[in-house]
file final.pdb (PDB, C-alpha atoms, pLDDT in the B column)
ATOM      1  CA  MET A  48      43.089 -55.134 108.474  1.00 42.00           C
ATOM      2  CA  ASN A  49      41.589 -51.767 109.392  1.00 48.00           C
ATOM      3  CA  GLU A  50      44.549 -49.976 107.865  1.00 46.00           C
ATOM      4  CA  LYS A  51      44.113 -51.987 104.668  1.00 46.00           C
ATOM      5  CA  ASN A  52      40.400 -51.136 104.570  1.00 49.00           C
ATOM      6  CA  ASP A  53      41.187 -47.451 105.091  1.00 56.00           C
ATOM      7  CA  ILE A  54      43.577 -47.478 102.155  1.00 55.00           C
ATOM      8  CA  LYS A  55      40.974 -49.193  99.988  1.00 80.00           C
ATOM      9  CA  SER A  56      38.362 -46.700 101.027  1.00 86.00           C
ATOM     10  CA  LYS A  57      40.713 -43.772 100.469  1.00 87.00           C
ATOM     11  CA  GLU A  58      41.690 -45.034  97.040  1.00 89.00           C
ATOM     12  CA  ALA A  59      38.046 -45.556  96.135  1.00 89.00           C
ATOM     13  CA  GLN A  60      37.184 -42.038  97.302  1.00 92.00           C
ATOM     14  CA  GLU A  61      40.009 -40.588  95.225  1.00 92.00           C
ATOM     15  CA  ALA A  62      38.756 -42.526  92.206  1.00 92.00           C
ATOM     16  CA  LEU A  63      35.222 -41.200  92.777  1.00 94.00           C
ATOM     17  CA  ASP A  64      36.532 -37.634  93.092  1.00 94.00           C
ATOM     18  CA  SER A  65      38.467 -38.071  89.861  1.00 94.00           C
ATOM     19  CA  ILE A  66      35.332 -39.402  88.124  1.00 94.00           C
ATOM     20  CA  GLU A  67      33.256 -36.441  89.304  1.00 94.00           C
ATOM     21  CA  GLN A  68      35.917 -34.003  88.159  1.00 93.00           C
ATOM     22  CA  MET A  69      36.102 -35.533  84.676  1.00 93.00           C
ATOM     23  CA  GLU A  70      32.317 -35.693  84.290  1.00 91.00           C
ATOM     24  CA  GLN A  71      32.113 -31.980  85.121  1.00 89.00           C
ATOM     25  CA  ALA A  72      34.927 -31.234  82.682  1.00 89.00           C
ATOM     26  CA  GLY A  73      33.011 -33.074  79.945  1.00 88.00           C
ATOM     27  CA  LEU A  74      29.726 -31.293  80.660  1.00 85.00           C
ATOM     28  CA  LYS A  75      31.513 -27.950  80.837  1.00 84.00           C
ATOM     29  CA  ARG A  76      32.746 -28.466  77.271  1.00 85.00           C
ATOM     30  CA  ILE A  77      29.211 -28.558  75.873  1.00 81.00           C
ATOM     31  CA  LEU A  78      28.574 -25.266  74.162  1.00 73.00           C
ATOM     32  CA  PRO A  79      25.013 -24.018  74.571  1.00 75.00           C
ATOM     33  CA  VAL A  80      23.340 -22.933  71.339  1.00 77.00           C
ATOM     34  CA  PRO A  81      24.013 -19.175  71.072  1.00 82.00           C
ATOM     35  CA  LYS A  82      20.888 -17.204  71.934  1.00 85.00           C
ATOM     36  CA  TRP A  83      20.943 -15.306  68.631  1.00 87.00           C
ATOM     37  CA  LEU A  84      21.164 -18.564  66.664  1.00 85.00           C
ATOM     38  CA  GLY A  85      18.255 -20.103  68.579  1.00 85.00           C
ATOM     39  CA  GLY A  86      16.272 -16.876  68.208  1.00 90.00           C
ATOM     40  CA  ALA A  87      16.960 -16.695  64.473  1.00 91.00           C
ATOM     41  CA  LEU A  88      15.865 -20.311  63.994  1.00 90.00           C
ATOM     42  CA  ALA A  89      12.663 -19.735  65.995  1.00 92.00           C
ATOM     43  CA  LEU A  90      11.942 -16.577  63.988  1.00 94.00           C
ATOM     44  CA  LEU A  91      12.456 -18.332  60.646  1.00 94.00           C
ATOM     45  CA  ILE A  92      10.200 -21.279  61.533  1.00 93.00           C
ATOM     46  CA  GLY A  93       7.511 -18.932  62.898  1.00 94.00           C
ATOM     47  CA  THR A  94       7.735 -16.746  59.784  1.00 94.00           C
ATOM     48  CA  GLN A  95       7.436 -19.748  57.498  1.00 93.00           C
ATOM     49  CA  ILE A  96       4.367 -21.049  59.356  1.00 94.00           C
ATOM     50  CA  ALA A  97       2.776 -17.577  59.280  1.00 94.00           C
ATOM     51  CA  LEU A  98       3.459 -17.056  55.557  1.00 93.00           C
ATOM     52  CA  LEU A  99       2.288 -20.534  54.530  1.00 93.00           C
ATOM     53  CA  GLY A 100      -0.817 -20.111  56.718  1.00 92.00           C
ATOM     54  CA  ALA A 101      -1.514 -16.804  54.977  1.00 91.00           C
ATOM     55  CA  GLY A 102      -0.994 -18.431  51.572  1.00 89.00           C
ATOM     56  CA  ILE A 103       2.176 -16.458  50.784  1.00 88.00           C
ATOM     57  CA  ARG A 104       4.677 -18.844  49.190  1.00 86.00           C
ATOM     58  CA  THR A 105       7.060 -16.284  47.646  1.00 86.00           C
ATOM     59  CA  TYR A 106       9.785 -16.613  50.284  1.00 86.00           C
ATOM     60  CA  ASN A 107       9.250 -20.277  51.165  1.00 87.00           C
ATOM     61  CA  THR A 108      12.363 -21.644  49.428  1.00 90.00           C
ATOM     62  CA  LEU A 109      14.561 -18.893  50.848  1.00 92.00           C
ATOM     63  CA  ILE A 110      13.268 -19.550  54.381  1.00 92.00           C
ATOM     64  CA  ILE A 111      13.818 -23.317  54.051  1.00 91.00           C
ATOM     65  CA  VAL A 112      17.409 -22.702  52.896  1.00 93.00           C
ATOM     66  CA  LEU A 113      17.986 -20.342  55.843  1.00 93.00           C
ATOM     67  CA  ILE A 114      16.490 -22.873  58.299  1.00 91.00           C
ATOM     68  CA  VAL A 115      18.834 -25.583  56.957  1.00 91.00           C
ATOM     69  CA  ILE A 116      21.824 -23.186  57.247  1.00 91.00           C
ATOM     70  CA  MET A 117      20.863 -22.373  60.864  1.00 88.00           C
ATOM     71  CA  ALA A 118      20.484 -26.079  61.710  1.00 85.00           C
ATOM     72  CA  ILE A 119      23.926 -26.822  60.216  1.00 87.00           C
ATOM     73  CA  ALA A 120      25.397 -23.877  62.155  1.00 85.00           C
ATOM     74  CA  ILE A 121      23.976 -25.311  65.414  1.00 80.00           C
ATOM     75  CA  ILE A 122      25.430 -28.770  64.666  1.00 79.00           C
ATOM     76  CA  ASN A 123      28.820 -27.251  63.758  1.00 79.00           C
ATOM     77  CA  ASN A 124      28.727 -25.157  66.921  1.00 77.00           C
ATOM     78  CA  ASN A 125      28.547 -28.382  68.959  1.00 72.00           C
ATOM     79  CA  ARG A 126      31.170 -30.201  66.902  1.00 77.00           C
ATOM     80  CA  SER A 127      33.686 -27.379  67.150  1.00 81.00           C
ATOM     81  CA  ALA A 128      33.748 -27.951  70.924  1.00 82.00           C
ATOM     82  CA  GLY A 129      34.954 -31.516  70.372  1.00 87.00           C
ATOM     83  CA  VAL A 130      32.120 -32.979  72.419  1.00 87.00           C
ATOM     84  CA  GLU A 131      28.616 -34.057  71.524  1.00 85.00           C
ATOM     85  CA  GLU A 132      25.795 -33.889  74.024  1.00 81.00           C
ATOM     86  CA  ARG A 133      24.174 -37.175  75.011  1.00 83.00           C
ATOM     87  CA  ILE A 134      20.469 -37.465  74.340  1.00 78.00           C
ATOM     88  CA  VAL A 135      19.045 -39.689  77.042  1.00 76.00           C
ATOM     89  CA  LEU A 136      15.885 -40.621  75.149  1.00 78.00           C
ATOM     90  CA  SER A 137      14.929 -43.998  73.746  1.00 80.00           C
ATOM     91  CA  GLY A 138      14.690 -44.453  69.970  1.00 82.00           C
ATOM     92  CA  ARG A 139      10.910 -44.796  70.280  1.00 88.00           C
ATOM     93  CA  THR A 140      10.601 -41.516  72.206  1.00 88.00           C
ATOM     94  CA  ILE A 141      12.704 -39.719  69.586  1.00 88.00           C
ATOM     95  CA  ILE A 142      10.520 -41.094  66.745  1.00 92.00           C
ATOM     96  CA  LEU A 143       7.351 -40.046  68.612  1.00 93.00           C
ATOM     97  CA  LEU A 144       8.837 -36.594  69.246  1.00 90.00           C
ATOM     98  CA  VAL A 145       9.712 -36.131  65.559  1.00 92.00           C
ATOM     99  CA  ILE A 146       6.222 -37.274  64.483  1.00 95.00           C
ATOM    100  CA  GLY A 147       4.716 -34.890  67.056  1.00 93.00           C
ATOM    101  CA  LEU A 148       6.804 -31.973  65.779  1.00 91.00           C
ATOM    102  CA  ILE A 149       5.905 -32.658  62.132  1.00 93.00           C
ATOM    103  CA  LEU A 150       2.211 -32.925  63.044  1.00 95.00           C
ATOM    104  CA  THR A 151       2.370 -29.681  65.051  1.00 93.00           C
ATOM    105  CA  TYR A 152       4.111 -27.953  62.132  1.00 92.00           C
ATOM    106  CA  PHE A 153       1.399 -28.896  59.621  1.00 93.00           C
ATOM    107  CA  LEU A 154      -1.451 -28.366  62.109  1.00 94.00           C
ATOM    108  CA  THR A 155      -0.328 -24.797  62.800  1.00 94.00           C
ATOM    109  CA  ILE A 156      -0.228 -24.044  59.061  1.00 94.00           C
ATOM    110  CA  ILE A 157      -3.644 -25.667  58.489  1.00 94.00           C
ATOM    111  CA  ALA A 158      -5.095 -23.834  61.515  1.00 94.00           C
ATOM    112  CA  GLY A 159      -3.883 -20.505  60.094  1.00 93.00           C
ATOM    113  CA  GLN A 160      -5.350 -21.282  56.656  1.00 92.00           C
ATOM    114  CA  TYR A 161      -8.669 -22.411  58.190  1.00 93.00           C
ATOM    115  CA  LEU A 162      -9.066 -19.367  60.432  1.00 92.00           C
ATOM    116  CA  LYS A 163      -8.282 -17.073  57.518  1.00 91.00           C
ATOM    117  CA  GLY A 164     -10.459 -18.899  54.980  1.00 89.00           C
ATOM    118  CA  ALA A 165     -13.479 -19.786  57.113  1.00 89.00           C
ATOM    119  CA  PHE A 166     -13.712 -16.747  59.381  1.00 91.00           C
ATOM    120  CA  GLY A 167     -11.763 -14.114  57.488  1.00 89.00           C
ATOM    121  CA  TYR A 168      -9.246 -13.692  60.303  1.00 91.00           C
ATOM    122  CA  HIS A 169      -6.345 -12.455  58.165  1.00 91.00           C
ATOM    123  CA  TRP A 170      -4.249 -11.871  61.272  1.00 93.00           C
ATOM    124  CA  ALA A 171      -4.646 -15.464  62.501  1.00 94.00           C
ATOM    125  CA  PRO A 172      -1.714 -17.078  60.577  1.00 94.00           C
ATOM    126  CA  PHE A 173       0.599 -14.298  61.813  1.00 94.00           C
ATOM    127  CA  ALA A 174      -0.647 -14.648  65.402  1.00 95.00           C
ATOM    128  CA  ILE A 175       0.002 -18.403  65.176  1.00 95.00           C
ATOM    129  CA  GLY A 176       3.476 -17.670  63.750  1.00 95.00           C
ATOM    130  CA  VAL A 177       4.220 -15.398  66.715  1.00 96.00           C
ATOM    131  CA  LEU A 178       3.016 -18.101  69.129  1.00 95.00           C
ATOM    132  CA  VAL A 179       5.301 -20.627  67.392  1.00 94.00           C
ATOM    133  CA  VAL A 180       8.287 -18.265  67.710  1.00 95.00           C
ATOM    134  CA  ILE A 181       7.540 -17.740  71.417  1.00 95.00           C
ATOM    135  CA  GLY A 182       7.063 -21.514  71.900  1.00 93.00           C
ATOM    136  CA  ILE A 183      10.347 -22.496  70.212  1.00 91.00           C
ATOM    137  CA  TRP A 184      12.247 -19.711  71.975  1.00 91.00           C
ATOM    138  CA  SER A 185      10.833 -20.735  75.378  1.00 91.00           C
ATOM    139  CA  LEU A 186      11.750 -24.387  74.768  1.00 88.00           C
ATOM    140  CA  MET A 187      15.304 -23.421  73.790  1.00 85.00           C
ATOM    141  CA  MET A 188      15.746 -21.166  76.808  1.00 87.00           C
ATOM    142  CA  SER A 189      14.285 -23.795  79.122  1.00 86.00           C
ATOM    143  CA  ASN A 190      16.722 -26.387  77.693  1.00 79.00           C
ATOM    144  CA  ARG A 191      19.591 -23.925  78.109  1.00 79.00           C
ATOM    145  CA  ARG A 192      18.647 -23.223  81.746  1.00 81.00           C
ATOM    146  CA  SER A 193      18.218 -26.925  82.433  1.00 77.00           C
ATOM    147  CA  ASN A 194      21.716 -27.640  81.055  1.00 71.00           C
ATOM    148  CA  LEU A 195      23.260 -24.819  83.076  1.00 71.00           C
ATOM    149  CA  SER A 196      21.531 -25.856  86.307  1.00 71.00           C
ATOM    150  CA  LYS A 197      22.530 -29.483  85.669  1.00 64.00           C
ATOM    151  CA  PHE A 198      26.138 -28.407  85.431  1.00 62.00           C
ATOM    152  CA  ASN A 199      25.866 -26.263  88.556  1.00 61.00           C
ATOM    153  CA  THR A 200      24.227 -29.118  90.452  1.00 55.00           C
ATOM    154  CA  ASP A 201      26.954 -31.509  89.377  1.00 49.00           C
ATOM    155  CA  LYS A 202      29.527 -28.954  90.377  1.00 43.00           C
ATOM    156  CA  SER A 203      28.199 -28.439  93.897  1.00 39.00           C
TER     157      SER A 203
ATOM    158  CA  MET B 246      38.825 -55.130  95.947  1.00 47.00           C
ATOM    159  CA  GLU B 247      37.825 -58.622  94.923  1.00 53.00           C
ATOM    160  CA  ASN B 248      34.334 -57.975  93.712  1.00 58.00           C
ATOM    161  CA  SER B 249      32.925 -58.971  90.341  1.00 71.00           C
ATOM    162  CA  ASN B 250      31.790 -55.361  89.756  1.00 80.00           C
ATOM    163  CA  PHE B 251      35.292 -54.007  90.245  1.00 85.00           C
ATOM    164  CA  ASP B 252      36.863 -53.655  86.823  1.00 89.00           C
ATOM    165  CA  PRO B 253      40.687 -53.546  86.698  1.00 90.00           C
ATOM    166  CA  ILE B 254      40.637 -52.399  83.077  1.00 93.00           C
ATOM    167  CA  ILE B 255      38.590 -49.324  83.979  1.00 93.00           C
ATOM    168  CA  HIS B 256      40.226 -48.657  87.349  1.00 89.00           C
ATOM    169  CA  ALA B 257      43.650 -47.593  85.993  1.00 92.00           C
ATOM    170  CA  PRO B 258      43.671 -43.788  86.653  1.00 92.00           C
ATOM    171  CA  ASN B 259      43.871 -42.591  83.043  1.00 95.00           C
ATOM    172  CA  ARG B 260      41.335 -45.124  81.778  1.00 96.00           C
ATOM    173  CA  LEU B 261      39.008 -44.246  84.650  1.00 95.00           C
ATOM    174  CA  GLN B 262      39.284 -40.591  83.615  1.00 96.00           C
ATOM    175  CA  ILE B 263      38.589 -41.468  79.965  1.00 97.00           C
ATOM    176  CA  CYS B 264      35.443 -43.409  80.893  1.00 96.00           C
ATOM    177  CA  ALA B 265      34.322 -40.651  83.291  1.00 96.00           C
ATOM    178  CA  LEU B 266      34.777 -38.008  80.597  1.00 95.00           C
ATOM    179  CA  LEU B 267      32.838 -40.058  78.037  1.00 95.00           C
ATOM    180  CA  SER B 268      30.038 -41.143  80.391  1.00 94.00           C
ATOM    181  CA  PRO B 269      27.839 -37.994  80.383  1.00 90.00           C
ATOM    182  CA  LEU B 270      28.427 -37.341  76.667  1.00 91.00           C
ATOM    183  CA  GLU B 271      27.487 -38.912  73.355  1.00 90.00           C
ATOM    184  CA  GLN B 272      30.990 -38.737  71.918  1.00 92.00           C
ATOM    185  CA  VAL B 273      34.227 -36.857  72.509  1.00 94.00           C
ATOM    186  CA  GLU B 274      37.056 -35.937  70.192  1.00 94.00           C
ATOM    187  CA  PHE B 275      40.570 -37.334  70.716  1.00 95.00           C
ATOM    188  CA  ARG B 276      42.163 -33.911  71.321  1.00 93.00           C
ATOM    189  CA  VAL B 277      39.594 -33.067  74.022  1.00 94.00           C
ATOM    190  CA  ILE B 278      40.285 -36.310  75.903  1.00 96.00           C
ATOM    191  CA  ARG B 279      44.033 -35.692  75.613  1.00 96.00           C
ATOM    192  CA  ASP B 280      43.745 -32.096  76.877  1.00 94.00           C
ATOM    193  CA  GLU B 281      41.428 -32.957  79.763  1.00 94.00           C
ATOM    194  CA  ILE B 282      43.504 -35.888  80.978  1.00 93.00           C
ATOM    195  CA  GLY B 283      46.809 -34.181  80.305  1.00 94.00           C
ATOM    196  CA  VAL B 284      48.687 -37.011  78.644  1.00 95.00           C
ATOM    197  CA  SER B 285      50.593 -37.342  75.374  1.00 95.00           C
ATOM    198  CA  ASP B 286      49.000 -38.682  72.188  1.00 95.00           C
ATOM    199  CA  SER B 287      50.890 -41.961  72.462  1.00 96.00           C
ATOM    200  CA  VAL B 288      49.916 -42.585  76.089  1.00 96.00           C
ATOM    201  CA  LEU B 289      46.294 -41.818  75.329  1.00 96.00           C
ATOM    202  CA  SER B 290      46.335 -44.078  72.258  1.00 96.00           C
ATOM    203  CA  LYS B 291      47.649 -46.932  74.414  1.00 96.00           C
ATOM    204  CA  HIS B 292      44.840 -46.553  76.963  1.00 96.00           C
ATOM    205  CA  ILE B 293      42.249 -46.172  74.255  1.00 96.00           C
ATOM    206  CA  LYS B 294      43.495 -49.360  72.600  1.00 96.00           C
ATOM    207  CA  GLN B 295      43.036 -51.261  75.864  1.00 96.00           C
ATOM    208  CA  LEU B 296      39.515 -49.942  76.310  1.00 97.00           C
ATOM    209  CA  GLU B 297      38.706 -50.735  72.678  1.00 97.00           C
ATOM    210  CA  ASP B 298      40.081 -54.268  73.030  1.00 96.00           C
ATOM    211  CA  ALA B 299      37.810 -54.753  76.046  1.00 96.00           C
ATOM    212  CA  GLY B 300      34.868 -53.554  73.929  1.00 96.00           C
ATOM    213  CA  TYR B 301      34.262 -50.595  76.245  1.00 97.00           C
ATOM    214  CA  ILE B 302      34.747 -47.782  73.752  1.00 96.00           C
ATOM    215  CA  LYS B 303      34.476 -47.363  70.002  1.00 96.00           C
ATOM    216  CA  GLN B 304      35.756 -44.721  67.652  1.00 94.00           C
ATOM    217  CA  ARG B 305      34.304 -42.931  64.670  1.00 93.00           C
ATOM    218  CA  LYS B 306      36.302 -40.973  62.151  1.00 91.00           C
ATOM    219  CA  SER B 307      35.000 -37.791  60.595  1.00 84.00           C
ATOM    220  CA  LYS B 308      36.291 -34.818  58.690  1.00 78.00           C
ATOM    221  CA  VAL B 309      35.709 -31.358  60.079  1.00 69.00           C
ATOM    222  CA  ASN B 310      36.853 -28.498  57.828  1.00 70.00           C
ATOM    223  CA  GLY B 311      38.902 -30.988  55.792  1.00 76.00           C
ATOM    224  CA  ARG B 312      40.752 -32.345  58.829  1.00 79.00           C
ATOM    225  CA  ALA B 313      40.383 -35.951  59.952  1.00 85.00           C
ATOM    226  CA  ARG B 314      39.164 -36.213  63.518  1.00 88.00           C
ATOM    227  CA  ARG B 315      38.645 -39.218  65.772  1.00 93.00           C
ATOM    228  CA  TRP B 316      35.620 -39.319  68.045  1.00 94.00           C
ATOM    229  CA  PHE B 317      35.160 -41.816  70.880  1.00 96.00           C
ATOM    230  CA  HIS B 318      32.083 -43.042  72.685  1.00 96.00           C
ATOM    231  CA  LEU B 319      31.298 -45.577  75.389  1.00 96.00           C
ATOM    232  CA  THR B 320      29.641 -48.750  74.111  1.00 96.00           C
ATOM    233  CA  THR B 321      26.672 -50.200  75.986  1.00 94.00           C
ATOM    234  CA  LYS B 322      29.041 -52.790  77.465  1.00 96.00           C
ATOM    235  CA  GLY B 323      31.444 -50.043  78.515  1.00 96.00           C
ATOM    236  CA  ARG B 324      28.691 -47.929  80.011  1.00 95.00           C
ATOM    237  CA  VAL B 325      27.374 -50.841  82.081  1.00 95.00           C
ATOM    238  CA  ALA B 326      30.878 -51.798  83.217  1.00 95.00           C
ATOM    239  CA  PHE B 327      31.641 -48.199  84.199  1.00 95.00           C
ATOM    240  CA  GLU B 328      28.377 -47.799  86.111  1.00 95.00           C
ATOM    241  CA  LEU B 329      28.978 -51.054  87.988  1.00 94.00           C
ATOM    242  CA  HIS B 330      32.517 -49.979  88.748  1.00 94.00           C
ATOM    243  CA  VAL B 331      31.338 -46.652  90.160  1.00 94.00           C
ATOM    244  CA  LYS B 332      28.718 -48.484  92.213  1.00 93.00           C
ATOM    245  CA  GLU B 333      31.438 -50.738  93.594  1.00 91.00           C
ATOM    246  CA  LEU B 334      33.653 -47.760  94.457  1.00 92.00           C
ATOM    247  CA  LYS B 335      30.740 -46.153  96.319  1.00 91.00           C
ATOM    248  CA  ARG B 336      30.137 -49.404  98.174  1.00 90.00           C
ATOM    249  CA  ILE B 337      33.791 -49.520  99.240  1.00 89.00           C
ATOM    250  CA  VAL B 338      33.675 -45.902 100.420  1.00 88.00           C
ATOM    251  CA  SER B 339      30.480 -46.450 102.372  1.00 86.00           C
ATOM    252  CA  GLY B 340      32.137 -49.482 103.988  1.00 79.00           C
ATOM    253  CA  LEU B 341      29.158 -51.781 103.442  1.00 65.00           C
TER     254      LEU B 341
END

call {"tool": "encode", "arguments": {"input": "final.pdb", "output": "C-alpha cells"}}
result
Amino acid sequence: MNEKNDIKSKEAQEALDSIEQMEQAGLKRILPVPKWLGGALALLIGTQIALLGAGIRTYNTLIIVLIVIMAIAIINNNRSAGVEERIVLSGRTIILLVIGLILTYFLTIIAGQYLKGAFGYHWAPFAIGVLVVIGIWSLMMSNRRSNLSKFNTDKS
Amino acid sequence: MENSNFDPIIHAPNRLQICALLSPLEQVEFRVIRDEIGVSDSVLSKHIKQLEDAGYIKQRKSKVNGRARRWFHLTTKGRVAFELHVKELKRIVSGL
C-alpha cells in the first residue's frame, strides 16, 4: 500500500514539475515591448497632448497615424512570438480603465488649454506633455519589470 | 487516483503539457505548442482534438503576413478543470 502511495506521489510530483516547466516556457515566450517602441509611443502621445493643449493642430493627423502605426507594431511584436499575454482583468475593470484613460487624455489637453488661456502660461501644455511622456514611460517600465520579476519568481 | 478532481483527459503527459503551456497565456500558436512539447504535427493534432472534444480548448484561425495560423486557448471549462487537476496533484504529493 505504501509502495503504491509512493508511486502515486512520485507520479504526481513529476506531473507538477512538468506543469511548472511548461508554464515557465510559455511565459518566457512573451516578448516585452521593445524599450524604443514604448518610448516612441510615449513621446508621440505626450507631443500630441502638448500640441493640442497649445492649440497647434498642424501635425495632429501625422501624430495620430504614427501612434496607430506604433500600436500595430506592438501588437505584431507580440504575435510574432506565437504567444499572447493573458490579461487577468475583468471586462468591467478593462472598460473602467479605458474610460479613465480617455478622460485623462482629454483632461490633460483641457488643462493645458486652460492654463495657457486663463493665466498666460504658454509653457504649461508642454510641461503637461512632458509629464504625460514620463507617466507613460514609467508605467511601461514598471509593467516590464513586473513581467520580468514574475518570470524570475516562477523560475525560482 | 480516484478523485473527482483528477482528470484523466488532462493527465496524459502531452495533454498536461499543452494545458500547462496555455494556462498562463491568452492564446498560443500551434507551432509554439509543437516546439515546446517536442512532438510531431500529427501527434499534437490528435491531443488537441481530444482536448477540443472535451471542451477544454478552442482554436482561432488568423492570417499573419498572408500565412494561415492556428491559435489555441483554454476555455473557462478547461481552465477550471486544469486548476482542479493541479490542486488534486498537489494534494496527492502532500499526502493529505

call {"tool": "closest_atom_pairs", "arguments": {"input": "final.pdb", "of": "chain B", "to": "chain A", "cutoff": "9 Å", "atoms": "only C-alpha atoms", "output": "tab-separated table"}}
result
residue	atom	partner	partner_atom	distance
B:Met246	CA	A:Lys55	CA	7.5
B:His256	CA	A:Ala62	CA	8.0
B:Pro258	CA	A:Ala62	CA	7.5
B:Leu261	CA	A:Ile66	CA	7.0
B:Gln262	CA	A:Met69	CA	6.1
B:Ile263	CA	A:Met69	CA	8.0
B:Cys264	CA	A:Ile66	CA	8.3
B:Ala265	CA	A:Ile66	CA	5.1
B:Leu266	CA	A:Met69	CA	5.0
B:Leu267	CA	A:Gly73	CA	7.2
B:Ser268	CA	A:Glu70	CA	7.1
B:Pro269	CA	A:Glu70	CA	6.4
B:Leu270	CA	A:Arg133	CA	4.6
B:Glu271	CA	A:Arg133	CA	4.1
B:Gln272	CA	A:Glu131	CA	5.3
B:Val273	CA	A:Val130	CA	4.4
B:Glu274	CA	A:Gly129	CA	4.9
B:Phe275	CA	A:Gly129	CA	8.1
B:Arg276	CA	A:Gly129	CA	7.7
B:Val277	CA	A:Gly129	CA	6.1
B:Ile278	CA	A:Gly73	CA	8.9
B:Glu281	CA	A:Ala72	CA	7.3
B:Ile282	CA	A:Met69	CA	8.3
B:Val309	CA	A:Arg126	CA	8.3
B:Trp316	CA	A:Gly129	CA	8.2
B:Val331	CA	A:Leu63	CA	7.2
B:Glu333	CA	A:Ala59	CA	8.8
B:Leu334	CA	A:Ala59	CA	5.2
B:Lys335	CA	A:Ala59	CA	7.3
B:Ile337	CA	A:Ser56	CA	5.7
B:Val338	CA	A:Ser56	CA	4.8
B:Ser339	CA	A:Ser56	CA	8.0
B:Gly340	CA	A:Ser56	CA	7.4

call {"tool": "residues_around", "arguments": {"input": "final.pdb", "residues": "Ala120 (chain A)", "least_positions_apart": "4", "cutoff": "12 Å", "atoms": "all atoms listed in the file", "output": "PyMOL selection string"}}
result
chain A and resi 80-81+83-85+87-88+113-116+124-127

call {"tool": "atom_distance", "arguments": {"input": "final.pdb", "atom1": "CA of Ala118 (chain A)", "atom2": "CA of Lys308 (chain B)"}}
result
18.3 Å

call {"tool": "resolve_selection", "arguments": {"input": "final.pdb", "expression": "the PyMOL selection byres ((chain A and resi 159) around 9)", "output": "list in words"}}
result
Ile96, Ala97, Leu99, Gly100, Ala101, Leu154, Thr155, Ile156, Ile157, Ala158, Gln160, Tyr161, Leu162, Lys163, Gly164, Tyr168, His169, Trp170, Ala171, Pro172, Phe173, Ala174, Ile175 and Gly176 of chain A

call {"tool": "closest_residue", "arguments": {"input": "final.pdb", "among": "B:His330, B:Arg312, B:Lys306, B:Arg260", "to": "Lys294 (chain B)", "atoms": "all atoms listed in the file"}}
result
B:Arg260

call {"tool": "atom_distance", "arguments": {"input": "final.pdb", "atom1": "CA of Val177 (chain A)", "atom2": "CA of Gln95 (chain A)"}}
result
10.7 Å

call {"tool": "residues_around", "arguments": {"input": "final.pdb", "residues": "Thr320 (chain B)", "least_positions_apart": "5", "cutoff": "8 Å", "atoms": "all atoms listed in the file", "output": "number ranges by chain"}}
result
B: 300-303

call {"tool": "atom_distance", "arguments": {"input": "final.pdb", "atom1": "CA of Ser185 (chain A)", "atom2": "CA of Lys82 (chain A)"}}
result
11.2 Å

call {"tool": "closest_residue", "arguments": {"input": "final.pdb", "among": "A:Leu178, A:Leu78, A:Leu195, A:Met188", "to": "Ile121 (chain A)", "atoms": "only C-alpha atoms"}}
result
A:Leu78

call {"tool": "decode", "arguments": {"input": "final.pdb", "residues": "region 289-327 of chain B", "atoms": "C-alpha atoms", "output": "compact mmCIF listing (two decimals), in the first residue's frame"}}
result
# COMPACT_ATOMS: atom_id res chain seq x y z
CA LEU B 289 -0.16 17.24 -31.44
CA SER B 290 -3.29 17.43 -33.61
CA LYS B 291 -4.54 14.19 -32.03
CA HIS B 292 -4.10 15.53 -28.49
CA ILE B 293 -5.62 18.85 -29.41
CA LYS B 294 -8.64 17.08 -30.89
CA GLN B 295 -9.18 15.22 -27.61
CA LEU B 296 -8.95 18.42 -25.59
CA GLU B 297 -11.29 20.18 -28.02
CA ASP B 298 -13.80 17.32 -27.85
CA ALA B 299 -13.77 17.64 -24.06
CA GLY B 300 -14.45 21.38 -24.45
CA TYR B 301 -11.18 22.27 -22.72
CA ILE B 302 -9.54 24.21 -25.53
CA LYS B 303 -10.70 26.16 -28.56
CA GLN B 304 -8.91 27.34 -31.65
CA ARG B 305 -8.95 30.53 -33.65
CA LYS B 306 -7.59 30.90 -37.15
CA SER B 307 -5.83 34.03 -38.29
CA LYS B 308 -3.58 35.17 -41.08
CA VAL B 309 -0.21 36.66 -40.22
CA ASN B 310 1.76 38.01 -43.19
CA GLY B 311 -0.55 36.08 -45.54
CA ARG B 312 0.01 32.75 -43.78
CA ALA B 313 -2.81 30.92 -42.02
CA ARG B 314 -2.04 30.29 -38.38
CA ARG B 315 -3.95 28.38 -35.71
CA TRP B 316 -4.10 29.78 -32.20
CA PHE B 317 -5.33 27.82 -29.17
CA HIS B 318 -6.65 28.94 -25.82
CA LEU B 319 -8.06 27.27 -22.72
CA THR B 320 -11.83 27.63 -22.34
CA THR B 321 -13.29 28.53 -18.95
CA LYS B 322 -14.24 24.86 -18.54
CA GLY B 323 -10.70 23.81 -19.44
CA ARG B 324 -9.14 26.33 -17.10
CA VAL B 325 -11.29 25.17 -14.17
CA ALA B 326 -10.59 21.51 -14.94
CA PHE B 327 -6.85 22.17 -15.16
